[in-house]
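One file, target-v4.cif, carrying mmCIF, C-alpha atoms:
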```cif
data_work
loop_
_atom_site.label_atom_id
_atom_site.label_comp_id
_atom_site.auth_asym_id
_atom_site.auth_seq_id
_atom_site.Cartn_x
_atom_site.Cartn_y
_atom_site.Cartn_z
CA MET U 194 -40.56 -21.20 28.05
CA LYS U 195 -42.52 -18.70 25.92
CA LYS U 196 -39.57 -16.27 25.90
CA ASN U 197 -37.26 -19.06 24.83
CA ILE U 198 -39.51 -19.89 21.91
CA ILE U 199 -39.59 -16.24 20.84
CA ILE U 200 -35.77 -15.91 20.96
CA ALA U 201 -35.29 -19.22 19.12
CA SER U 202 -37.82 -18.17 16.48
CA ILE U 203 -36.01 -14.86 15.87
CA ILE U 204 -32.69 -16.67 15.47
CA LEU U 205 -34.17 -19.23 13.10
CA LEU U 206 -36.01 -16.61 11.05
CA VAL U 207 -33.02 -14.33 10.40
CA GLN U 208 -30.69 -17.27 9.76
CA LEU U 209 -33.07 -18.77 7.21
CA LEU U 210 -33.61 -15.37 5.60
CA ALA U 211 -29.84 -14.82 5.33
CA PHE U 212 -29.26 -18.35 4.01
CA PHE U 213 -31.89 -18.25 1.28
CA TYR U 214 -31.66 -14.54 0.38
CA THR U 215 -28.08 -13.33 -0.01
CA PRO U 216 -29.09 -9.68 -0.67
CA PHE U 217 -30.52 -9.53 2.87
CA ALA U 218 -27.28 -10.83 4.41
CA THR U 219 -25.20 -8.48 2.24
CA ALA U 220 -27.34 -5.46 3.14
CA TYR U 221 -27.15 -6.41 6.83
CA ALA U 222 -23.36 -6.75 6.59
CA THR U 223 -23.07 -3.43 4.76
CA TYR U 224 -25.37 -1.24 6.84
CA ILE U 225 -25.99 -2.89 10.22
CA SER U 226 -22.72 -4.60 11.13
CA PRO U 227 -20.69 -1.35 10.92
CA ILE U 228 -22.88 0.02 13.72
CA TYR U 229 -21.47 -2.61 16.08
CA VAL U 230 -17.91 -1.78 15.04
CA ASN U 231 -18.46 1.96 15.45
CA THR U 232 -20.11 1.63 18.87
CA ILE U 233 -19.03 -1.53 20.71
CA GLY U 234 -15.78 -1.76 18.77
CA ARG U 235 -14.83 1.85 19.51
CA PHE U 236 -15.67 1.47 23.19
CA MET U 237 -13.66 -1.75 23.58
CA ASN U 238 -10.76 -0.06 21.82
CA LEU U 239 -10.40 2.20 24.86
CA PHE U 240 -9.02 -0.79 26.78
CA PRO U 241 -5.34 -1.63 26.09
CA PHE U 242 -6.03 -5.35 26.68
CA SER U 243 -8.40 -7.84 25.12
CA VAL U 244 -11.75 -7.62 26.90
CA PHE U 245 -12.79 -10.77 25.04
CA GLU U 246 -10.79 -13.05 27.34
CA PHE U 247 -12.48 -11.68 30.44
CA VAL U 248 -15.92 -11.84 28.82
CA ILE U 249 -15.39 -15.54 28.07
CA ILE U 250 -14.39 -16.18 31.68
CA GLY U 251 -17.44 -14.21 32.84
CA LEU U 252 -19.76 -16.16 30.54
CA ILE U 253 -18.45 -19.46 31.89
CA ILE U 254 -18.86 -18.32 35.52
CA ALA U 255 -22.38 -17.04 34.79
CA PHE U 256 -23.31 -20.33 33.13
CA ILE U 257 -22.12 -22.33 36.13
CA TYR U 258 -23.97 -19.95 38.48
CA ILE U 259 -27.25 -20.38 36.58
CA ILE U 260 -26.91 -24.16 36.70
CA VAL U 261 -26.12 -24.27 40.42
CA LYS U 262 -28.37 -21.44 41.60
CA THR U 263 -31.54 -21.84 39.52
CA LYS U 264 -31.35 -25.52 38.57
CA SER U 265 -33.80 -24.47 35.87
CA PHE U 266 -33.55 -26.01 32.42
CA THR U 267 -35.60 -23.10 31.06
CA TYR U 268 -33.14 -20.48 32.33
CA ILE U 269 -30.15 -22.49 31.09
CA ILE U 270 -31.63 -22.71 27.60
CA ARG U 271 -32.52 -19.00 27.64
CA TYR U 272 -28.97 -18.09 28.62
CA LEU U 273 -27.57 -20.12 25.74
CA LEU U 274 -30.14 -18.74 23.30
CA ILE U 275 -29.20 -15.15 24.21
CA ILE U 276 -25.54 -15.96 23.48
CA VAL U 277 -26.53 -17.48 20.12
CA LEU U 278 -28.69 -14.43 19.35
CA ILE U 279 -25.77 -12.07 20.01
CA PHE U 280 -23.53 -14.23 17.83
CA THR U 281 -26.14 -14.28 15.06
CA CYS U 282 -26.47 -10.49 15.07
CA THR U 283 -22.77 -9.62 15.21
CA CYS U 284 -21.37 -12.50 13.23
CA GLY U 285 -23.63 -15.32 12.02
CA ILE U 286 -25.65 -13.43 9.41
CA ASN U 287 -22.44 -12.14 7.81
CA TYR U 288 -21.42 -15.67 6.82
CA LYS U 289 -24.11 -15.53 4.14
CA ARG U 290 -23.16 -12.18 2.62
CA ALA U 291 -21.82 -11.81 -0.93
CA SER U 292 -18.18 -12.85 -1.24
CA THR U 293 -15.29 -10.39 -1.39
CA ILE U 294 -14.63 -11.43 -5.00
CA ASP U 295 -18.10 -10.14 -5.86
CA THR U 296 -17.41 -6.91 -4.00
CA LEU U 297 -14.07 -6.45 -5.76
CA ASP U 298 -15.47 -7.64 -9.12
CA ILE U 299 -13.07 -10.56 -9.52
CA THR U 300 -14.06 -13.56 -11.62
CA LEU U 301 -12.80 -16.98 -10.58
CA ILE U 302 -11.28 -18.97 -13.42
CA ASP U 303 -10.07 -22.52 -13.89
CA TYR U 304 -6.33 -23.07 -13.79
CA THR U 305 -3.90 -25.94 -14.27
CA ASN U 306 -0.87 -27.01 -12.25
CA ASP U 307 1.28 -25.16 -14.79
CA ASP U 308 -0.71 -21.99 -14.12
CA LEU U 309 -0.27 -22.43 -10.38
CA GLN U 310 3.46 -22.96 -10.83
CA LEU U 311 3.64 -19.66 -12.72
CA LEU U 312 1.91 -18.00 -9.79
CA CYS U 313 4.39 -19.60 -7.40
CA ASP U 314 7.29 -18.29 -9.51
CA TYR U 315 5.75 -14.81 -9.36
CA ILE U 316 5.41 -14.93 -5.56
CA ILE U 317 9.02 -16.09 -5.16
CA GLU U 318 10.19 -13.27 -7.43
CA GLN U 319 8.39 -10.71 -5.25
CA LEU U 320 9.93 -12.15 -2.10
CA ASN U 321 13.41 -11.99 -3.59
CA HIS U 322 13.01 -8.32 -4.49
CA LEU U 323 11.95 -7.13 -1.03
CA ASP U 324 14.22 -4.87 1.01
CA LEU U 325 13.10 -6.33 4.33
CA ILE U 326 13.09 -4.47 7.66
CA GLU U 327 11.51 -6.23 10.66
CA ILE U 328 9.08 -4.35 12.87
CA SER U 329 7.60 -4.67 16.37
CA ASP U 330 4.14 -5.87 17.36
CA SER U 331 2.99 -2.29 18.10
CA GLN U 332 4.15 -1.17 14.66
CA ILE U 333 2.34 -4.11 13.08
CA THR U 334 -0.99 -3.37 14.80
CA SER U 335 -0.70 0.28 13.78
CA GLU U 336 0.29 -0.43 10.17
CA ALA U 337 -2.45 -3.08 9.84
CA LYS U 338 -5.15 -0.43 10.20
CA ILE U 339 -3.55 1.64 7.45
CA ALA U 340 -3.13 -1.39 5.19
CA MET U 341 -6.73 -2.46 5.68
CA ASN U 342 -8.05 1.03 4.99
CA ASN U 343 -6.33 0.93 1.61
CA ILE U 344 -8.46 -2.09 0.68
CA ILE U 345 -11.70 -1.57 2.61
CA PRO U 346 -12.10 1.94 4.08
CA GLY U 347 -13.64 2.06 7.52
CA TYR U 348 -12.99 2.22 11.23
CA TYR U 349 -10.55 -0.37 12.57
CA PRO U 350 -9.88 -0.84 16.28
CA THR U 351 -6.39 -1.88 17.28
CA ALA U 352 -5.82 -5.65 17.21
CA LYS U 353 -4.89 -7.01 20.63
CA GLY U 354 -2.50 -9.74 21.67
CA LEU U 355 -4.09 -12.28 23.99
CA LEU U 356 -2.88 -12.97 27.52
CA PHE U 357 -3.68 -16.63 26.95
CA SER U 358 -1.63 -16.79 23.77
CA HIS U 359 0.08 -20.01 24.81
CA LEU U 360 -3.29 -21.76 24.87
CA MET U 361 -3.79 -20.56 21.30
CA THR U 362 -0.33 -21.84 20.38
CA LEU U 363 -1.16 -25.29 21.74
CA SER U 364 -4.38 -25.15 19.72
CA HIS U 365 -2.57 -24.02 16.55
CA LEU U 366 -4.59 -20.81 16.44
CA THR U 367 -3.08 -17.57 15.19
CA GLY U 368 -6.00 -15.22 15.73
CA ILE U 369 -9.62 -14.97 16.77
CA TYR U 370 -12.46 -12.50 16.24
CA SER U 371 -14.72 -11.77 19.20
CA PRO U 372 -18.42 -11.41 18.27
CA PHE U 373 -19.20 -10.32 21.85
CA THR U 374 -16.74 -7.42 22.14
CA ILE U 375 -16.08 -6.75 18.43
CA GLU U 376 -12.33 -7.15 18.84
CA ALA U 377 -9.61 -8.57 16.63
CA ASN U 378 -7.25 -10.72 18.70
CA TYR U 379 -3.99 -12.40 17.80
CA ASN U 380 -1.56 -14.95 19.24
CA GLN U 381 1.44 -13.04 20.56
CA GLU U 382 3.66 -16.14 20.50
CA MET U 383 3.39 -17.03 16.82
CA PRO U 384 6.29 -16.28 14.46
CA LEU U 385 6.58 -12.59 13.57
CA PHE U 386 6.07 -13.03 9.82
CA GLN U 387 2.57 -14.43 10.41
CA LYS U 388 1.37 -11.44 12.44
CA PRO U 389 0.69 -8.83 9.71
CA PHE U 390 -1.32 -11.31 7.64
CA THR U 391 -3.16 -12.73 10.67
CA ILE U 392 -4.06 -9.32 12.10
CA CYS U 393 -5.37 -8.12 8.73
CA HIS U 394 -7.34 -11.37 8.49
CA GLU U 395 -8.99 -10.76 11.86
CA LEU U 396 -9.67 -7.10 11.05
CA SER U 397 -11.45 -8.18 7.88
CA HIS U 398 -13.96 -10.03 10.07
CA LEU U 399 -14.80 -6.66 11.63
CA GLN U 400 -15.75 -5.49 8.16
CA SER U 401 -18.29 -8.34 8.09
CA TYR U 402 -16.28 -10.75 5.91
CA MET U 403 -16.57 -13.89 7.99
CA VAL U 404 -15.82 -16.65 5.48
CA GLU U 405 -12.16 -17.59 5.93
CA SER U 406 -11.25 -17.57 2.23
CA ASP U 407 -12.59 -14.02 2.00
CA ALA U 408 -10.70 -12.92 5.11
CA ASN U 409 -7.50 -14.52 3.82
CA PHE U 410 -7.82 -12.80 0.46
CA ILE U 411 -8.44 -9.40 2.01
CA ALA U 412 -5.45 -9.93 4.29
CA TYR U 413 -3.33 -10.85 1.27
CA LEU U 414 -4.38 -7.72 -0.64
CA ALA U 415 -3.83 -5.52 2.42
CA CYS U 416 -0.34 -6.91 2.95
CA ILE U 417 0.98 -6.86 -0.61
CA ASN U 418 -0.39 -3.34 -1.24
CA SER U 419 1.02 -1.93 2.00
CA ASN U 420 3.87 0.58 1.89
CA ASN U 421 5.58 -1.47 4.59
CA SER U 422 7.98 -4.11 3.25
CA TYR U 423 7.40 -6.45 6.18
CA PHE U 424 3.68 -6.53 5.40
CA ASN U 425 4.54 -7.32 1.77
CA TYR U 426 6.77 -10.12 3.06
CA SER U 427 4.05 -11.54 5.30
CA GLY U 428 1.46 -11.51 2.51
CA TYR U 429 3.69 -13.11 -0.11
CA LEU U 430 5.15 -15.71 2.26
CA LEU U 431 1.73 -16.83 3.50
CA ALA U 432 0.58 -17.01 -0.12
CA PHE U 433 3.65 -19.13 -0.90
CA ILE U 434 2.62 -21.58 1.83
CA TYR U 435 -0.95 -21.88 0.53
CA ILE U 436 0.15 -22.23 -3.10
CA THR U 437 2.86 -24.84 -2.48
CA ASN U 438 0.41 -26.79 -0.29
CA ALA U 439 -2.05 -26.78 -3.20
CA LEU U 440 0.64 -27.95 -5.61
CA TYR U 441 1.76 -30.66 -3.21
CA LYS U 442 -1.83 -31.91 -2.92
CA ASN U 443 -1.87 -32.13 -6.72
CA GLY U 444 1.18 -34.36 -6.69
CA ILE U 445 3.78 -31.73 -7.59
CA ASP U 446 7.24 -31.84 -5.98
CA VAL U 447 7.60 -28.39 -4.38
CA SER U 448 11.06 -28.80 -2.82
CA SER U 449 12.73 -26.80 -5.60
CA TYR U 450 10.53 -23.81 -4.85
CA TYR U 451 11.76 -23.67 -1.26
CA LEU U 452 15.35 -23.55 -2.52
CA GLN U 453 14.52 -20.48 -4.63
CA LEU U 454 13.37 -18.48 -1.62
CA PRO U 455 15.57 -15.78 -0.09
CA GLU U 456 17.54 -17.09 2.89
CA LYS U 457 15.42 -15.18 5.43
CA ALA U 458 12.17 -16.62 4.08
CA TYR U 459 13.52 -20.16 4.04
CA GLU U 460 14.76 -19.83 7.64
CA ASP U 461 11.42 -18.38 8.76
CA LEU U 462 9.52 -21.30 7.23
CA VAL U 463 11.80 -23.85 8.90
CA GLU U 464 11.43 -22.12 12.28
CA ASN U 465 7.68 -21.82 11.71
CA GLN U 466 7.36 -25.57 11.11
CA GLU U 467 9.41 -26.34 14.21
CA PHE U 468 7.40 -23.90 16.32
CA TRP U 469 4.02 -25.41 15.51
CA ASN U 470 5.29 -29.01 15.63
CA GLU U 471 6.57 -28.43 19.17
CA ASN U 472 3.19 -27.04 20.27
CA ASP U 473 0.44 -29.33 19.01
CA THR U 474 -1.18 -30.60 22.21
CA LEU U 475 -4.68 -29.36 21.37
CA ALA U 476 -4.32 -28.92 17.61
CA ASP U 477 -6.45 -31.91 16.52
CA ILE U 478 -9.25 -31.06 18.95
CA THR U 479 -9.29 -27.40 17.95
CA ASN U 480 -9.25 -28.24 14.25
CA THR U 481 -12.26 -30.53 14.69
CA ILE U 482 -14.15 -27.86 16.63
CA ASN U 483 -13.29 -25.17 14.07
CA ASP U 484 -14.25 -27.44 11.18
CA THR U 485 -17.62 -28.17 12.82
CA TYR U 486 -18.15 -24.48 13.62
CA LEU U 487 -17.53 -23.40 10.03
CA LYS U 488 -19.78 -26.08 8.58
CA ALA U 489 -22.52 -25.08 11.03
CA ASN U 490 -22.27 -21.58 9.56
CA SER U 491 -22.85 -22.81 6.01
CA VAL U 492 -19.17 -23.02 5.06
CA SER U 493 -19.41 -26.52 3.57
CA GLU U 494 -15.64 -26.83 3.07
CA GLY U 495 -15.00 -26.33 6.79
CA THR U 496 -11.35 -25.63 7.59
CA ASN U 497 -10.46 -26.34 3.96
CA SER U 498 -12.03 -22.96 3.16
CA TYR U 499 -8.81 -21.26 4.34
CA SER U 500 -6.89 -22.70 1.39
CA GLN U 501 -9.51 -21.56 -1.16
CA VAL U 502 -7.67 -18.24 -1.07
CA VAL U 503 -5.41 -19.75 -3.76
CA ASP U 504 -8.33 -19.55 -6.22
CA TYR U 505 -8.82 -15.89 -5.35
CA ILE U 506 -5.12 -15.02 -5.55
CA TYR U 507 -4.73 -16.65 -8.97
CA ALA U 508 -7.82 -14.92 -10.36
CA TYR U 509 -6.66 -11.56 -8.99
CA HIS U 510 -3.18 -11.79 -10.51
CA TYR U 511 -4.50 -13.15 -13.82
CA GLN U 512 -7.14 -10.45 -14.09
CA ASN U 513 -4.51 -7.76 -13.37
CA ASN U 514 -2.09 -9.19 -15.99
CA LEU U 515 0.56 -10.01 -13.41
CA LEU U 516 1.22 -13.53 -14.66
#
```
Now that the file is in, can you turn its structure into structure tokens?
Amino acid sequence: MKKNIIIASIILLVQLLAFFYTPFATAYATYISPIYVNTIGRFMNLFPFSVFEFVIIGLIIAFIYIIVKTKSFTYIIRYLLIIVLIFTCTCGINYKRASTIDTLDITLIDYTNDDLQLLCDYIIEQLNHLDLIEISDSQITSEAKIAMNNIIPGYYPTAKGLLFSHLMTLSHLTGIYSPFTIEANYNQEMPLFQKPFTICHELSHLQSYMVESDANFIAYLACINSNNSYFNYSGYLLAFIYITNALYKNGIDVSSYYLQLPEKAYEDLVENQEFWNENDTLADITNTINDTYLKANSVSEGTNSYSQVVDYIYAYHYQNNLL
């Protein structure tokens, strides 16, 4: 019991310190988290498959074994506390770091529906000017590391497609970061155009940006600044989805914007909608769990934090005189 109290106290202390003192969390994310990526991340990168899936299976088996074998509440709690401690060190503290907009010196500004419509027009214009060439998954995972290095220099392991991708599809998940193996994982089944953006999103978590709006913004910047046209396409098309969703929430009819898209983009969005609608068995459950998880890590907006990337995108384009 004494050991459990010590572990719980350490977790509580660092979480409180990170929550109330952002400079501590930012310093931790800047100087300590890269150590995990450059040690554990590099080692796990030697494996061509996602170790994360097997670790999860192993953790479940070990948990069952402890319950059956020891029948000790103390050992069960200690096991869970150790898992939480690992999560706190490799992931949890980073939720409280300074935002990417602070790092990139971007100032958020208020905007109207008219402003957002101008942004939407800009995104559509970029999509219509792309000379698009589709690429394979292996090319995407390779290019993603280059694209990310252009935005945030550092070591990036190769993102890995999950064996249990269909389970992710049923849960409406496109990617997942592993705090236990320091791996970026993605759903191999999802539509191709989502993969560059998703993989860059997951890789941004390895650079200690855990808040989803931050990860989305970094992914957007990585994609649109890539020398690969398909990455540009992925970034702009995902931005189009977020922006039109925001306009729709504000009562704006967005149907005309879809008609202005290039034929390929329109077809991809239709197929994307059909794909996720046909695979929604666990979507509601997963969304509830994810929402609770994010709020537990001080992201008060929960899953709505993903769409906050619109604020970042508008501020970025406005500040760079692109609108």
I need the residue nearest Asp295 (chain U) from this list: U:Ser243, U:Ser226, U:Thr267, U:Thr215. Use only C-alpha atoms for the distance. U:Thr215
Between U:Leu360, U:Ile417, U:Ile392, U:Ala408, which is the closest to Glu246 (chain U) once you count all atoms listed in the file?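 Once distances to Glu246 (chain U) are computed over all atoms listed in the file, the minimum belongs to U:Leu360.
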Please evaluate the PyMOL selection byres ((chain U and resi 379) around 6) against the structure above and give the resulting residues as an NGL selection string. :U and (354 or 367-368 or 378 or 380)
Please work out which residues fall within 7 Å of (-16.5, -13.2, 15.0), coordinates as given in the file, with all atoms listed in the file counting, and return them as number ranges by chain. U: 284, 370-372, 398
Select, counting all atoms listed in the file, all protein, DNA and RNA residues no farther than 10 Å from (-3.8, -10.2, 13.5) in file coordinates, and express the selection as number ranges by chain. U: 330, 333-334, 337, 351-354, 367-370, 377-381, 387-397, 412
Which of U:Thr293, U:Thr305, U:Ser406, U:Ser427 sits closest to Leu440 (chain U) [using only C-alpha atoms]: U:Thr305
Apply the PyMOL selection byres ((chain U and resi 326) around 7) to the file shown and report the selected residues as a PDB file with C-alpha atoms, in the frame of the given file.
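Okay, selection19.pdb is ready:
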```pdb
ATOM      1  CA  ASP U 324      14.220  -4.870   1.010  1.00  0.00           C
ATOM      2  CA  LEU U 325      13.100  -6.330   4.330  1.00  0.00           C
ATOM      3  CA  GLU U 327      11.510  -6.230  10.660  1.00  0.00           C
ATOM      4  CA  ILE U 328       9.080  -4.350  12.870  1.00  0.00           C
ATOM      5  CA  SER U 422       7.980  -4.110   3.250  1.00  0.00           C
ATOM      6  CA  TYR U 423       7.400  -6.450   6.180  1.00  0.00           C
TER       7      TYR U 423
END
```
Identify, on the basis of only C-alpha atoms, every residue whose closest approach to Val244 (chain U) does not exceed 10 Å; exclude the query and any residue fewer than 6 positions from it along the same chain; express the result as a tab-separated table (two decimals) with C-alpha atoms, keeping the file's coordinate frame.
```tsv
chain	number	residue	atom	x	y	z
U	237	MET	CA	-13.66	-1.75	23.58
U	238	ASN	CA	-10.76	-0.06	21.82
U	353	LYS	CA	-4.89	-7.01	20.63
U	355	LEU	CA	-4.09	-12.28	23.99
U	371	SER	CA	-14.72	-11.77	19.20
U	373	PHE	CA	-19.20	-10.32	21.85
U	374	THR	CA	-16.74	-7.42	22.14
U	375	ILE	CA	-16.08	-6.75	18.43
U	376	GLU	CA	-12.33	-7.15	18.84
U	378	ASN	CA	-7.25	-10.72	18.70
```
Where does the PyMOL selection byres ((chain U and resi 287-290) around 12) land in this file, that is, which residues does it pick, as a PyMOL selection string? chain U and resi 207-227+280-286+291-296+372+397-408+486-493
One decimal, in Å: what's the spacing between CA of Leu366 (chain U) and CA of Leu385 (chain U)?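 A separation of 14.2 Å between them.
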Minimum-distance residue to Met361 (chain U), chosen among U:Tyr315, U:Glu382, U:Leu323, U:Leu309 (using only C-alpha atoms):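 Among U:Tyr315, U:Glu382, U:Leu323, U:Leu309, it is U:Glu382 that comes nearest to Met361 (chain U).
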Find the residues around Tyr258 (chain U) up to 12 Å (only C-alpha atoms counted), leave out those fewer than 6 positions away in its own chain, and share them as a PyMOL selection string. chain U and resi 251-252+264-265+268-269+272
Rounded to one decimal, what separation in Å do you get between CA of Gln310 (chain U) and CA of Asp298 (chain U)? 24.4 Å
Pick from U:Phe236, U:Phe266, U:Phe410, U:Tyr426, whichever lies nearest to Val503 (chain U) using only C-alpha atoms: U:Phe410
Could the centre and edge lengths of an axis-aligned box, enclosing all atoms of region 407-423 of chain U in the file with 5 Å extra on each side, be given in Å to one decimal as AutoDock Vina command-line options?
```
--center_x -2.3 --center_y -7.0 --center_z 2.5 --size_x 30.6 --size_y 25.1 --size_z 17.4
```
Provide the CA of Asp314 (chain U) to CA of Tyr459 (chain U) distance in Å, to one decimal place. 15.0 Å
Top pick for closest residue to Asn321 (chain U), considering U:Ile199, U:Ile254, U:Leu430, U:Ile506 and counting all atoms listed in the file: U:Leu430
Name all residues at most 10 Å from Tyr429 (chain U) (count all atoms listed in the file; drop same-chain ones fewer than 3 positions away) and give them as number ranges by chain. U: 313, 315-320, 390, 413-414, 416-417, 423-426, 432-435
From the coordinates supplied, region 439-447 of chain U should be written with all heavy atoms, as a PDB file, in the first residue's frame.
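Written out: out_36.pdb:
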```
ATOM      1  N   ALA U 439     -17.875  24.147 -39.896  1.00  0.00           N
ATOM      2  CA  ALA U 439     -18.021  25.331 -39.044  1.00  0.00           C
ATOM      3  C   ALA U 439     -19.068  26.281 -39.618  1.00  0.00           C
ATOM      4  O   ALA U 439     -19.897  26.824 -38.879  1.00  0.00           O
ATOM      5  CB  ALA U 439     -16.672  26.042 -38.913  1.00  0.00           C
ATOM      6  N   LEU U 440     -19.040  26.469 -40.931  1.00  0.00           N
ATOM      7  CA  LEU U 440     -20.032  27.335 -41.571  1.00  0.00           C
ATOM      8  C   LEU U 440     -21.438  26.759 -41.427  1.00  0.00           C
ATOM      9  O   LEU U 440     -22.399  27.492 -41.155  1.00  0.00           O
ATOM     10  CB  LEU U 440     -19.689  27.504 -43.059  1.00  0.00           C
ATOM     11  CG  LEU U 440     -18.510  28.421 -43.386  1.00  0.00           C
ATOM     12  CD1 LEU U 440     -18.106  28.288 -44.849  1.00  0.00           C
ATOM     13  CD2 LEU U 440     -18.857  29.876 -43.066  1.00  0.00           C
ATOM     14  N   TYR U 441     -21.549  25.460 -41.602  1.00  0.00           N
ATOM     15  CA  TYR U 441     -22.856  24.799 -41.480  1.00  0.00           C
ATOM     16  C   TYR U 441     -23.420  24.968 -40.068  1.00  0.00           C
ATOM     17  O   TYR U 441     -24.612  25.221 -39.890  1.00  0.00           O
ATOM     18  CB  TYR U 441     -22.712  23.319 -41.827  1.00  0.00           C
ATOM     19  CG  TYR U 441     -24.005  22.547 -41.767  1.00  0.00           C
ATOM     20  CD1 TYR U 441     -24.945  22.632 -42.800  1.00  0.00           C
ATOM     21  CD2 TYR U 441     -24.310  21.743 -40.668  1.00  0.00           C
ATOM     22  CE1 TYR U 441     -26.134  21.928 -42.756  1.00  0.00           C
ATOM     23  CE2 TYR U 441     -25.499  21.033 -40.605  1.00  0.00           C
ATOM     24  CZ  TYR U 441     -26.405  21.129 -41.647  1.00  0.00           C
ATOM     25  OH  TYR U 441     -27.587  20.441 -41.583  1.00  0.00           O
ATOM     26  N   LYS U 442     -22.545  24.844 -39.067  1.00  0.00           N
ATOM     27  CA  LYS U 442     -22.970  25.040 -37.678  1.00  0.00           C
ATOM     28  C   LYS U 442     -23.469  26.461 -37.447  1.00  0.00           C
ATOM     29  O   LYS U 442     -24.324  26.707 -36.592  1.00  0.00           O
ATOM     30  CB  LYS U 442     -21.803  24.750 -36.714  1.00  0.00           C
ATOM     31  CG  LYS U 442     -21.597  23.285 -36.421  1.00  0.00           C
ATOM     32  CD  LYS U 442     -20.530  23.117 -35.349  1.00  0.00           C
ATOM     33  CE  LYS U 442     -20.352  21.657 -34.988  1.00  0.00           C
ATOM     34  NZ  LYS U 442     -19.311  21.477 -33.936  1.00  0.00           N
ATOM     35  N   ASN U 443     -22.923  27.396 -38.229  1.00  0.00           N
ATOM     36  CA  ASN U 443     -23.319  28.805 -38.101  1.00  0.00           C
ATOM     37  C   ASN U 443     -24.523  29.155 -38.969  1.00  0.00           C
ATOM     38  O   ASN U 443     -24.868  30.330 -39.123  1.00  0.00           O
ATOM     39  CB  ASN U 443     -22.144  29.709 -38.465  1.00  0.00           C
ATOM     40  CG  ASN U 443     -21.012  29.630 -37.459  1.00  0.00           C
ATOM     41  OD1 ASN U 443     -21.198  29.189 -36.330  1.00  0.00           O
ATOM     42  ND2 ASN U 443     -19.823  30.044 -37.869  1.00  0.00           N
ATOM     43  N   GLY U 444     -25.144  28.121 -39.540  1.00  0.00           N
ATOM     44  CA  GLY U 444     -26.360  28.341 -40.311  1.00  0.00           C
ATOM     45  C   GLY U 444     -26.159  28.707 -41.764  1.00  0.00           C
ATOM     46  O   GLY U 444     -27.091  29.189 -42.422  1.00  0.00           O
ATOM     47  N   ILE U 445     -24.950  28.502 -42.283  1.00  0.00           N
ATOM     48  CA  ILE U 445     -24.648  28.845 -43.676  1.00  0.00           C
ATOM     49  C   ILE U 445     -24.865  27.617 -44.570  1.00  0.00           C
ATOM     50  O   ILE U 445     -24.408  26.517 -44.245  1.00  0.00           O
ATOM     51  CB  ILE U 445     -23.197  29.339 -43.825  1.00  0.00           C
ATOM     52  CG1 ILE U 445     -22.948  30.538 -42.907  1.00  0.00           C
ATOM     53  CG2 ILE U 445     -22.894  29.693 -45.278  1.00  0.00           C
ATOM     54  CD1 ILE U 445     -23.788  31.744 -43.203  1.00  0.00           C
ATOM     55  N   ASP U 446     -25.530  27.805 -45.689  1.00  0.00           N
ATOM     56  CA  ASP U 446     -25.718  26.746 -46.678  1.00  0.00           C
ATOM     57  C   ASP U 446     -24.390  26.533 -47.412  1.00  0.00           C
ATOM     58  O   ASP U 446     -23.902  27.437 -48.102  1.00  0.00           O
ATOM     59  CB  ASP U 446     -26.811  27.133 -47.670  1.00  0.00           C
ATOM     60  CG  ASP U 446     -27.083  26.048 -48.706  1.00  0.00           C
ATOM     61  OD1 ASP U 446     -26.481  24.959 -48.604  1.00  0.00           O
ATOM     62  OD2 ASP U 446     -27.884  26.291 -49.628  1.00  0.00           O
ATOM     63  N   VAL U 447     -23.800  25.361 -47.260  1.00  0.00           N
ATOM     64  CA  VAL U 447     -22.466  25.105 -47.831  1.00  0.00           C
ATOM     65  C   VAL U 447     -22.521  24.265 -49.105  1.00  0.00           C
ATOM     66  O   VAL U 447     -21.478  23.903 -49.650  1.00  0.00           O
ATOM     67  CB  VAL U 447     -21.552  24.415 -46.798  1.00  0.00           C
ATOM     68  CG1 VAL U 447     -21.324  25.312 -45.594  1.00  0.00           C
ATOM     69  CG2 VAL U 447     -22.130  23.069 -46.360  1.00  0.00           C
TER      70      VAL U 447
END
```
